[in-house]
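Peer 1: Dropping in data-v8.cif, with mmCIF, C-alpha atoms.
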```
data_run
loop_
_atom_site.label_atom_id
_atom_site.label_comp_id
_atom_site.auth_asym_id
_atom_site.auth_seq_id
_atom_site.Cartn_x
_atom_site.Cartn_y
_atom_site.Cartn_z
CA GLY A 1 -5.34 -10.44 4.12
CA ALA A 2 -6.25 -8.25 1.11
CA VAL A 3 -9.72 -7.27 2.25
CA VAL A 4 -11.66 -4.54 0.51
CA SER A 5 -14.84 -3.09 1.95
CA GLN A 6 -17.54 -0.94 0.44
CA HIS A 7 -20.09 1.28 2.11
CA PRO A 8 -23.01 1.38 1.87
CA SER A 9 -23.87 -2.10 0.64
CA ARG A 10 -27.25 -0.92 -0.55
CA VAL A 11 -28.74 2.51 -1.17
CA ILE A 12 -32.12 3.64 -2.40
CA CYS A 13 -32.55 7.27 -3.30
CA LYS A 14 -34.81 9.65 -5.15
CA SER A 15 -33.99 10.91 -8.61
CA GLY A 16 -31.77 13.99 -8.48
CA THR A 17 -29.97 12.96 -5.30
CA SER A 18 -26.20 12.60 -5.19
CA VAL A 19 -24.91 9.36 -3.75
CA LYS A 20 -21.44 8.68 -2.37
CA ILE A 21 -19.95 5.18 -2.25
CA GLU A 22 -16.80 4.46 -0.26
CA CYS A 23 -14.21 1.83 -1.06
CA ARG A 24 -11.60 0.94 1.55
CA SER A 25 -8.63 -1.40 1.56
CA LEU A 26 -8.58 -2.66 5.13
CA ASP A 27 -5.22 -4.36 5.48
CA PHE A 28 -3.04 -3.05 2.69
CA GLN A 29 -2.22 0.15 0.89
CA ALA A 30 -3.92 0.39 -2.45
CA THR A 31 -1.91 2.37 -4.95
CA THR A 32 -4.62 1.91 -7.53
CA MET A 33 -8.35 1.50 -7.18
CA PHE A 34 -10.82 0.62 -9.89
CA TRP A 35 -14.54 1.26 -10.16
CA TYR A 36 -16.79 -1.11 -12.08
CA ARG A 37 -20.44 -1.21 -12.94
CA GLN A 38 -22.35 -4.45 -13.36
CA PHE A 39 -25.83 -5.09 -14.73
CA PRO A 40 -27.80 -8.21 -13.73
CA LYS A 41 -26.25 -11.45 -14.95
CA GLN A 42 -23.64 -9.55 -16.91
CA SER A 43 -19.92 -9.05 -16.55
CA LEU A 44 -18.10 -6.13 -15.00
CA MET A 45 -17.61 -2.94 -16.96
CA LEU A 46 -14.67 -0.78 -15.94
CA MET A 47 -15.70 2.81 -15.35
CA ALA A 48 -12.52 4.42 -14.13
CA THR A 49 -9.11 3.89 -12.60
CA SER A 50 -7.82 6.05 -9.78
CA ASN A 51 -4.38 6.43 -8.35
CA GLU A 52 -3.84 7.96 -4.96
CA GLY A 53 -3.34 11.68 -5.15
CA SER A 54 -4.05 12.06 -8.85
CA LYS A 55 -7.05 12.48 -11.11
CA ALA A 56 -8.97 9.41 -12.13
CA THR A 57 -8.77 8.03 -15.65
CA TYR A 58 -12.20 7.39 -17.08
CA GLU A 59 -13.11 4.80 -19.70
CA GLN A 60 -14.63 5.90 -22.95
CA GLY A 61 -18.30 6.76 -22.59
CA VAL A 62 -18.19 7.32 -18.83
CA GLU A 63 -19.11 10.86 -17.83
CA LYS A 64 -16.54 12.23 -15.42
CA ASP A 65 -18.91 14.99 -14.28
CA LYS A 66 -21.52 12.36 -13.48
CA PHE A 67 -19.29 9.86 -11.72
CA LEU A 68 -16.89 11.78 -9.50
CA ILE A 69 -13.99 9.81 -8.14
CA ASN A 70 -11.69 10.84 -5.32
CA HIS A 71 -8.72 8.78 -4.15
CA ALA A 72 -7.53 10.86 -1.25
CA SER A 73 -5.48 8.23 0.56
CA LEU A 74 -3.89 4.84 0.00
CA THR A 75 -6.82 3.14 1.70
CA LEU A 76 -9.84 5.09 0.53
CA SER A 77 -11.48 5.93 -2.76
CA THR A 78 -14.95 7.38 -3.19
CA LEU A 79 -17.36 7.34 -6.10
CA THR A 80 -20.05 10.00 -6.12
CA VAL A 81 -22.96 9.60 -8.50
CA ALA A 82 -24.06 13.17 -9.09
CA SER A 83 -27.78 13.87 -9.56
CA ALA A 84 -28.62 10.21 -9.89
CA HIS A 85 -31.36 9.07 -12.27
CA PRO A 86 -33.12 5.71 -12.59
CA GLU A 87 -30.80 4.67 -15.42
CA ASP A 88 -27.89 4.93 -12.96
CA SER A 89 -29.38 2.09 -10.93
CA SER A 90 -26.83 -0.70 -10.95
CA PHE A 91 -24.36 -2.74 -8.92
CA TYR A 92 -21.17 -0.76 -8.38
CA ILE A 93 -18.02 -2.67 -7.43
CA CYS A 94 -14.60 -1.36 -6.53
CA SER A 95 -11.31 -3.17 -6.55
CA ALA A 96 -7.93 -2.31 -5.18
CA SER A 97 -4.40 -3.32 -6.02
CA GLY A 98 -1.19 -2.60 -4.24
CA LEU A 99 1.39 -4.26 -2.10
CA ALA A 100 -0.60 -7.38 -1.21
CA GLY A 101 -0.36 -11.05 -1.97
CA ALA A 102 2.04 -12.93 -4.16
CA HIS A 103 1.08 -10.88 -7.20
CA THR A 104 1.44 -7.21 -6.45
CA ASP A 105 -0.84 -6.28 -9.29
CA THR A 106 -3.70 -8.53 -8.26
CA GLN A 107 -7.02 -6.75 -7.95
CA TYR A 108 -9.04 -7.51 -4.83
CA PHE A 109 -12.72 -6.76 -5.09
CA GLY A 110 -15.12 -5.20 -2.66
CA PRO A 111 -18.55 -6.70 -1.97
CA GLY A 112 -20.34 -4.18 -4.14
CA THR A 113 -22.98 -1.50 -3.63
CA ARG A 114 -26.49 -1.87 -4.99
CA LEU A 115 -27.82 1.52 -6.07
CA THR A 116 -31.51 1.93 -6.78
CA VAL A 117 -32.71 5.32 -7.98
CA LEU A 118 -36.45 5.83 -7.81
CA THR B 119 -8.65 -3.25 -27.63
CA GLN B 120 -8.19 -6.63 -26.04
CA LEU B 121 -11.26 -8.85 -26.00
CA LEU B 122 -11.94 -12.06 -24.09
CA GLU B 123 -14.58 -14.40 -25.43
CA GLN B 124 -15.99 -16.57 -22.70
CA SER B 125 -18.16 -19.61 -23.34
CA PRO B 126 -20.62 -20.93 -22.65
CA GLN B 127 -22.58 -17.97 -21.35
CA PHE B 128 -25.06 -20.15 -19.47
CA LEU B 129 -24.63 -23.69 -18.19
CA SER B 130 -27.11 -25.76 -16.22
CA ILE B 131 -26.01 -29.23 -15.15
CA GLN B 132 -26.78 -31.94 -12.63
CA GLU B 133 -24.76 -32.56 -9.52
CA GLY B 134 -21.85 -34.88 -10.20
CA GLU B 135 -21.32 -33.87 -13.83
CA ASN B 136 -18.11 -32.38 -15.17
CA LEU B 137 -17.89 -29.11 -17.07
CA THR B 138 -15.42 -26.87 -18.82
CA VAL B 139 -15.55 -23.11 -19.31
CA TYR B 140 -13.44 -21.50 -21.99
CA CYS B 141 -11.85 -18.10 -22.33
CA ASN B 142 -10.34 -17.16 -25.69
CA SER B 143 -8.68 -14.14 -27.21
CA SER B 144 -6.62 -13.13 -30.19
CA SER B 145 -4.45 -11.09 -27.83
CA VAL B 146 -1.64 -12.24 -25.58
CA PHE B 147 -2.10 -11.70 -21.87
CA SER B 148 0.68 -11.42 -19.31
CA SER B 149 -1.60 -13.04 -16.75
CA LEU B 150 -5.12 -14.31 -16.52
CA GLN B 151 -7.36 -14.54 -13.51
CA TRP B 152 -10.50 -16.54 -12.78
CA TYR B 153 -13.14 -15.22 -10.41
CA ARG B 154 -16.35 -16.61 -8.97
CA GLN B 155 -19.16 -14.27 -8.07
CA GLU B 156 -22.36 -14.96 -6.16
CA PRO B 157 -25.46 -12.76 -6.50
CA GLY B 158 -25.16 -9.47 -4.64
CA GLU B 159 -21.48 -9.96 -3.86
CA GLY B 160 -18.18 -8.96 -5.37
CA PRO B 161 -16.02 -11.35 -7.41
CA VAL B 162 -13.72 -13.61 -5.43
CA LEU B 163 -10.36 -14.48 -6.95
CA LEU B 164 -9.91 -18.21 -7.56
CA VAL B 165 -6.57 -18.32 -9.32
CA THR B 166 -4.02 -16.36 -11.33
CA VAL B 167 -2.11 -18.05 -14.14
CA VAL B 168 1.00 -16.43 -15.52
CA THR B 169 3.08 -18.92 -17.49
CA GLY B 170 2.04 -20.33 -20.87
CA GLY B 171 0.98 -23.95 -20.49
CA GLU B 172 0.55 -23.56 -16.76
CA VAL B 173 -1.94 -25.81 -14.98
CA LYS B 174 -3.23 -25.08 -11.50
CA LYS B 175 -5.55 -27.16 -9.40
CA LEU B 176 -7.83 -25.99 -6.64
CA LYS B 177 -9.61 -29.04 -5.21
CA ARG B 178 -12.07 -30.03 -7.96
CA LEU B 179 -11.19 -27.06 -10.15
CA THR B 180 -8.44 -27.24 -12.76
CA PHE B 181 -7.24 -24.11 -14.51
CA GLN B 182 -5.10 -24.09 -17.62
CA PHE B 183 -3.35 -21.24 -19.42
CA GLY B 184 -2.72 -21.79 -23.10
CA ASP B 185 0.83 -22.13 -24.38
CA ALA B 186 0.52 -18.87 -26.30
CA ARG B 187 -1.14 -17.12 -23.32
CA LYS B 188 -4.16 -16.26 -25.44
CA ASP B 189 -6.65 -18.66 -23.93
CA SER B 190 -7.56 -20.39 -20.71
CA SER B 191 -9.96 -22.98 -19.42
CA LEU B 192 -11.61 -23.88 -16.16
CA HIS B 193 -12.62 -27.49 -15.62
CA ILE B 194 -14.81 -28.54 -12.70
CA THR B 195 -14.99 -32.21 -11.78
CA ALA B 196 -18.05 -33.66 -10.07
CA ALA B 197 -19.86 -30.34 -9.79
CA GLN B 198 -21.79 -29.60 -6.61
CA PRO B 199 -24.67 -27.17 -5.97
CA GLY B 200 -22.23 -25.00 -4.05
CA ASP B 201 -20.34 -24.40 -7.29
CA THR B 202 -23.30 -22.42 -8.60
CA GLY B 203 -22.32 -18.86 -9.49
CA LEU B 204 -21.00 -16.52 -12.15
CA TYR B 205 -17.51 -17.44 -13.30
CA LEU B 206 -15.45 -14.66 -14.80
CA CYS B 207 -12.13 -14.75 -16.56
CA ALA B 208 -10.06 -11.58 -16.70
CA GLY B 209 -6.81 -10.94 -18.49
CA ARG B 210 -4.08 -8.37 -18.13
CA GLY B 211 -1.95 -7.50 -21.13
CA GLY B 212 1.65 -6.41 -20.91
CA SER B 213 2.18 -3.25 -18.96
CA ASN B 214 -1.51 -2.47 -18.96
CA TYR B 215 -2.68 -2.62 -15.39
CA LYS B 216 -6.32 -2.85 -16.36
CA LEU B 217 -8.20 -6.13 -16.42
CA THR B 218 -10.21 -7.17 -19.46
CA PHE B 219 -13.17 -9.26 -18.35
CA GLY B 220 -14.95 -11.96 -20.26
CA LYS B 221 -18.74 -11.80 -20.30
CA GLY B 222 -19.00 -14.51 -17.69
CA THR B 223 -20.46 -17.98 -17.44
CA LEU B 224 -23.53 -18.38 -15.26
CA LEU B 225 -23.32 -21.90 -13.85
CA THR B 226 -26.23 -23.62 -12.15
CA VAL B 227 -25.66 -27.01 -10.57
CA ASN B 228 -28.92 -28.75 -9.77
CA PRO B 229 -29.08 -31.24 -6.88
#
```
Take the structure I supplied and represent it as structure tokens, if you would.
Peer 2:
Amino acid sequence: GAVVSQHPSRVICKSGTSVKIECRSLDFQATTMFWYRQFPKQSLMLMATSNEGSKATYEQGVEKDKFLINHASLTLSTLTVASAHPEDSSFYICSASGLAGAHTDTQYFGPGTRLTVL
Amino acid sequence: TQLLEQSPQFLSIQEGENLTVYCNSSSVFSSLQWYRQEPGEGPVLLVTVVTGGEVKKLKRLTFQFGDARKDSSLHITAAQPGDTGLYLCAGRGGSNYKLTFGKGTLLTVNP
């Protein structure tokens, strides 16, 4: 149980394109989903936290108009990188927490999406 | 702001050796999690420790949570090449639902 999927796993796009990444909890309802960004050989940096049906809470320094987050249901959150530029190239990972496992606040991570902006 | 200092940042050892990774903070955490991540994949949860002084074992991996819940360690006995990966500690403080991640330890176990 507690499986989180992400789609696409890899995307290559031209500068100026908007890219949407989906995060789904497959076997549980995720009351909260998190979006992280990770650079090579570095740790995860939290970008934003989203609760189903409400606006996302962004971390300091993360542009909410650049990284649009929608958490429309208890099993789906989307991250849209608006007008992507090469500096947005990174590994984006989502996690979900909810009514799963022995620890209800455990975060379960998706497999990540590699974004390359040319 | 809660910070987690993880050390060492890089570790390259031979198969069969033992190693310990440390995670330290000046803040108290209500729980602490250890993850292992392979290149191009998301982190996989190894263990969650909740109680001060708690010790959990997962085959050759031993996890310990400090008595004051400010630090934790991961000890691997007789490391194998399959243990190679990025090990991350992450703590949650009080009612804060967010995880604070350490910078990670990149472990390479050479055959």
Peer 1: Taking only C-alpha atoms into account, find every residue of chain A that has an atom no more than 12 Å from chain B, and write it out as a short mmCIF file (atom, residue, chain, number, x, y, z; two decimals) with C-alpha atoms, in the coordinates of the input.
Peer 2:
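The file below, iface_25.cif, is the result:
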```cif
data_model
loop_
_atom_site.label_atom_id
_atom_site.label_comp_id
_atom_site.auth_asym_id
_atom_site.auth_seq_id
_atom_site.Cartn_x
_atom_site.Cartn_y
_atom_site.Cartn_z
CA ALA A 2 -6.25 -8.25 1.11
CA VAL A 3 -9.72 -7.27 2.25
CA VAL A 4 -11.66 -4.54 0.51
CA SER A 5 -14.84 -3.09 1.95
CA GLN A 6 -17.54 -0.94 0.44
CA SER A 9 -23.87 -2.10 0.64
CA ARG A 10 -27.25 -0.92 -0.55
CA THR A 31 -1.91 2.37 -4.95
CA THR A 32 -4.62 1.91 -7.53
CA MET A 33 -8.35 1.50 -7.18
CA PHE A 34 -10.82 0.62 -9.89
CA TRP A 35 -14.54 1.26 -10.16
CA TYR A 36 -16.79 -1.11 -12.08
CA ARG A 37 -20.44 -1.21 -12.94
CA GLN A 38 -22.35 -4.45 -13.36
CA PHE A 39 -25.83 -5.09 -14.73
CA PRO A 40 -27.80 -8.21 -13.73
CA LYS A 41 -26.25 -11.45 -14.95
CA GLN A 42 -23.64 -9.55 -16.91
CA SER A 43 -19.92 -9.05 -16.55
CA LEU A 44 -18.10 -6.13 -15.00
CA MET A 45 -17.61 -2.94 -16.96
CA LEU A 46 -14.67 -0.78 -15.94
CA MET A 47 -15.70 2.81 -15.35
CA ALA A 48 -12.52 4.42 -14.13
CA THR A 49 -9.11 3.89 -12.60
CA SER A 50 -7.82 6.05 -9.78
CA ASN A 51 -4.38 6.43 -8.35
CA THR A 57 -8.77 8.03 -15.65
CA TYR A 58 -12.20 7.39 -17.08
CA GLU A 59 -13.11 4.80 -19.70
CA GLN A 60 -14.63 5.90 -22.95
CA SER A 90 -26.83 -0.70 -10.95
CA PHE A 91 -24.36 -2.74 -8.92
CA TYR A 92 -21.17 -0.76 -8.38
CA ILE A 93 -18.02 -2.67 -7.43
CA CYS A 94 -14.60 -1.36 -6.53
CA SER A 95 -11.31 -3.17 -6.55
CA ALA A 96 -7.93 -2.31 -5.18
CA SER A 97 -4.40 -3.32 -6.02
CA GLY A 98 -1.19 -2.60 -4.24
CA GLY A 101 -0.36 -11.05 -1.97
CA ALA A 102 2.04 -12.93 -4.16
CA HIS A 103 1.08 -10.88 -7.20
CA THR A 104 1.44 -7.21 -6.45
CA ASP A 105 -0.84 -6.28 -9.29
CA THR A 106 -3.70 -8.53 -8.26
CA GLN A 107 -7.02 -6.75 -7.95
CA TYR A 108 -9.04 -7.51 -4.83
CA PHE A 109 -12.72 -6.76 -5.09
CA GLY A 110 -15.12 -5.20 -2.66
CA PRO A 111 -18.55 -6.70 -1.97
CA GLY A 112 -20.34 -4.18 -4.14
CA THR A 113 -22.98 -1.50 -3.63
CA ARG A 114 -26.49 -1.87 -4.99
CA LEU A 115 -27.82 1.52 -6.07
#
```
Peer 1: To one decimal place in Å, what is the distance between CA of Ala197 (chain B) and CA of Lys175 (chain B)?
Peer 2: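 Distance between the two atoms: 14.7 Å.
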Peer 1: Could you tell me which residues the PyMOL selection byres ((chain A and resi 69-72) around 8) returns for this structure, as number ranges by chain?
Peer 2: A: 33, 50-56, 67-68, 73-74, 76-80
Peer 1: Skip Asn228 (chain B) itself and residues of its chain fewer than 5 positions away, then list as a VMD selection string all residues within 9 Å of it, counting all atoms listed in the file.
Peer 2: chain B and resid 130 to 133 198 to 199 202
Peer 1: By how many Å are CA of Leu150 (chain B) and CA of Arg178 (chain B) apart?
Peer 2: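 For CA of Leu150 (chain B) relative to CA of Arg178 (chain B), the distance reads 19.2 Å.
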Peer 1: For the provided coordinates, the residues matched by the PyMOL selection byres ((chain A and resi 87) around 12) should be stated as number ranges by chain.
Peer 2: A: 15-16, 39, 81, 83-86, 88-91, 115-118
Peer 1: Just the selected residues (C-alpha atoms), exported as a compact mmCIF listing (two decimals), keeping the file's coordinate frame, please.
Peer 2:
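Contents of the output file selection.txt:
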```txt
# COMPACT_ATOMS: atom_id res chain seq x y z
CA SER A 15 -33.99 10.91 -8.61
CA GLY A 16 -31.77 13.99 -8.48
CA PHE A 39 -25.83 -5.09 -14.73
CA VAL A 81 -22.96 9.60 -8.50
CA SER A 83 -27.78 13.87 -9.56
CA ALA A 84 -28.62 10.21 -9.89
CA HIS A 85 -31.36 9.07 -12.27
CA PRO A 86 -33.12 5.71 -12.59
CA ASP A 88 -27.89 4.93 -12.96
CA SER A 89 -29.38 2.09 -10.93
CA SER A 90 -26.83 -0.70 -10.95
CA PHE A 91 -24.36 -2.74 -8.92
CA LEU A 115 -27.82 1.52 -6.07
CA THR A 116 -31.51 1.93 -6.78
CA VAL A 117 -32.71 5.32 -7.98
CA LEU A 118 -36.45 5.83 -7.81
```
Peer 1: What lies within 12 Å of Ser143 (chain B) using only C-alpha atoms, ignoring chain neighbours under 5 positions off, as a list of chain:residue names?
Peer 2: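 The contact residues come out as B:Thr119, B:Gln120, B:Leu121, B:Leu122, B:Glu123, B:Gln124, B:Ser125, B:Leu150, B:Phe183, B:Gly184, B:Ala186, B:Arg187, B:Lys188, B:Asp189, B:Ser190, B:Ser191, B:Cys207, B:Ala208, B:Gly209, B:Arg210, B:Gly211, B:Thr218, B:Phe219, B:Gly220.
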Peer 1: Kindly export the residues of the current selection with C-alpha atoms, as a PDB file, in the frame of the given file.
Peer 2:
```
ATOM      1  CA  THR B 119      -8.650  -3.250 -27.630  1.00  0.00           C
ATOM      2  CA  GLN B 120      -8.190  -6.630 -26.040  1.00  0.00           C
ATOM      3  CA  LEU B 121     -11.260  -8.850 -26.000  1.00  0.00           C
ATOM      4  CA  LEU B 122     -11.940 -12.060 -24.090  1.00  0.00           C
ATOM      5  CA  GLU B 123     -14.580 -14.400 -25.430  1.00  0.00           C
ATOM      6  CA  GLN B 124     -15.990 -16.570 -22.700  1.00  0.00           C
ATOM      7  CA  SER B 125     -18.160 -19.610 -23.340  1.00  0.00           C
ATOM      8  CA  LEU B 150      -5.120 -14.310 -16.520  1.00  0.00           C
ATOM      9  CA  PHE B 183      -3.350 -21.240 -19.420  1.00  0.00           C
ATOM     10  CA  GLY B 184      -2.720 -21.790 -23.100  1.00  0.00           C
ATOM     11  CA  ALA B 186       0.520 -18.870 -26.300  1.00  0.00           C
ATOM     12  CA  ARG B 187      -1.140 -17.120 -23.320  1.00  0.00           C
ATOM     13  CA  LYS B 188      -4.160 -16.260 -25.440  1.00  0.00           C
ATOM     14  CA  ASP B 189      -6.650 -18.660 -23.930  1.00  0.00           C
ATOM     15  CA  SER B 190      -7.560 -20.390 -20.710  1.00  0.00           C
ATOM     16  CA  SER B 191      -9.960 -22.980 -19.420  1.00  0.00           C
ATOM     17  CA  CYS B 207     -12.130 -14.750 -16.560  1.00  0.00           C
ATOM     18  CA  ALA B 208     -10.060 -11.580 -16.700  1.00  0.00           C
ATOM     19  CA  GLY B 209      -6.810 -10.940 -18.490  1.00  0.00           C
ATOM     20  CA  ARG B 210      -4.080  -8.370 -18.130  1.00  0.00           C
ATOM     21  CA  GLY B 211      -1.950  -7.500 -21.130  1.00  0.00           C
ATOM     22  CA  THR B 218     -10.210  -7.170 -19.460  1.00  0.00           C
ATOM     23  CA  PHE B 219     -13.170  -9.260 -18.350  1.00  0.00           C
ATOM     24  CA  GLY B 220     -14.950 -11.960 -20.260  1.00  0.00           C
TER      25      GLY B 220
END
```
Peer 1: Enter the distance from CA of Gly200 (chain B) to CA of Gln182 (chain B), in Å, rounded to one decimal.
Peer 2: 21.9 Å
Peer 1: Would you translate the PyMOL selection byres ((chain B and resi 195) around 7) into the concrete set of residues it matches in this file, as number ranges by chain?
Peer 2: B: 135-137, 178-179, 193-194, 196-197
Peer 1: Might I get the box with edges along x, y and z of the file that holds all atoms of region 69-82 of chain A listed there, padded by 6 Å on every side, given as centre and edge lengths in Å to one decimal, as AutoDock Vina command-line options?
Peer 2:
```
--center_x -14.0 --center_y 8.2 --center_z -3.7 --size_x 32.2 --size_y 22.0 --size_z 22.8
```
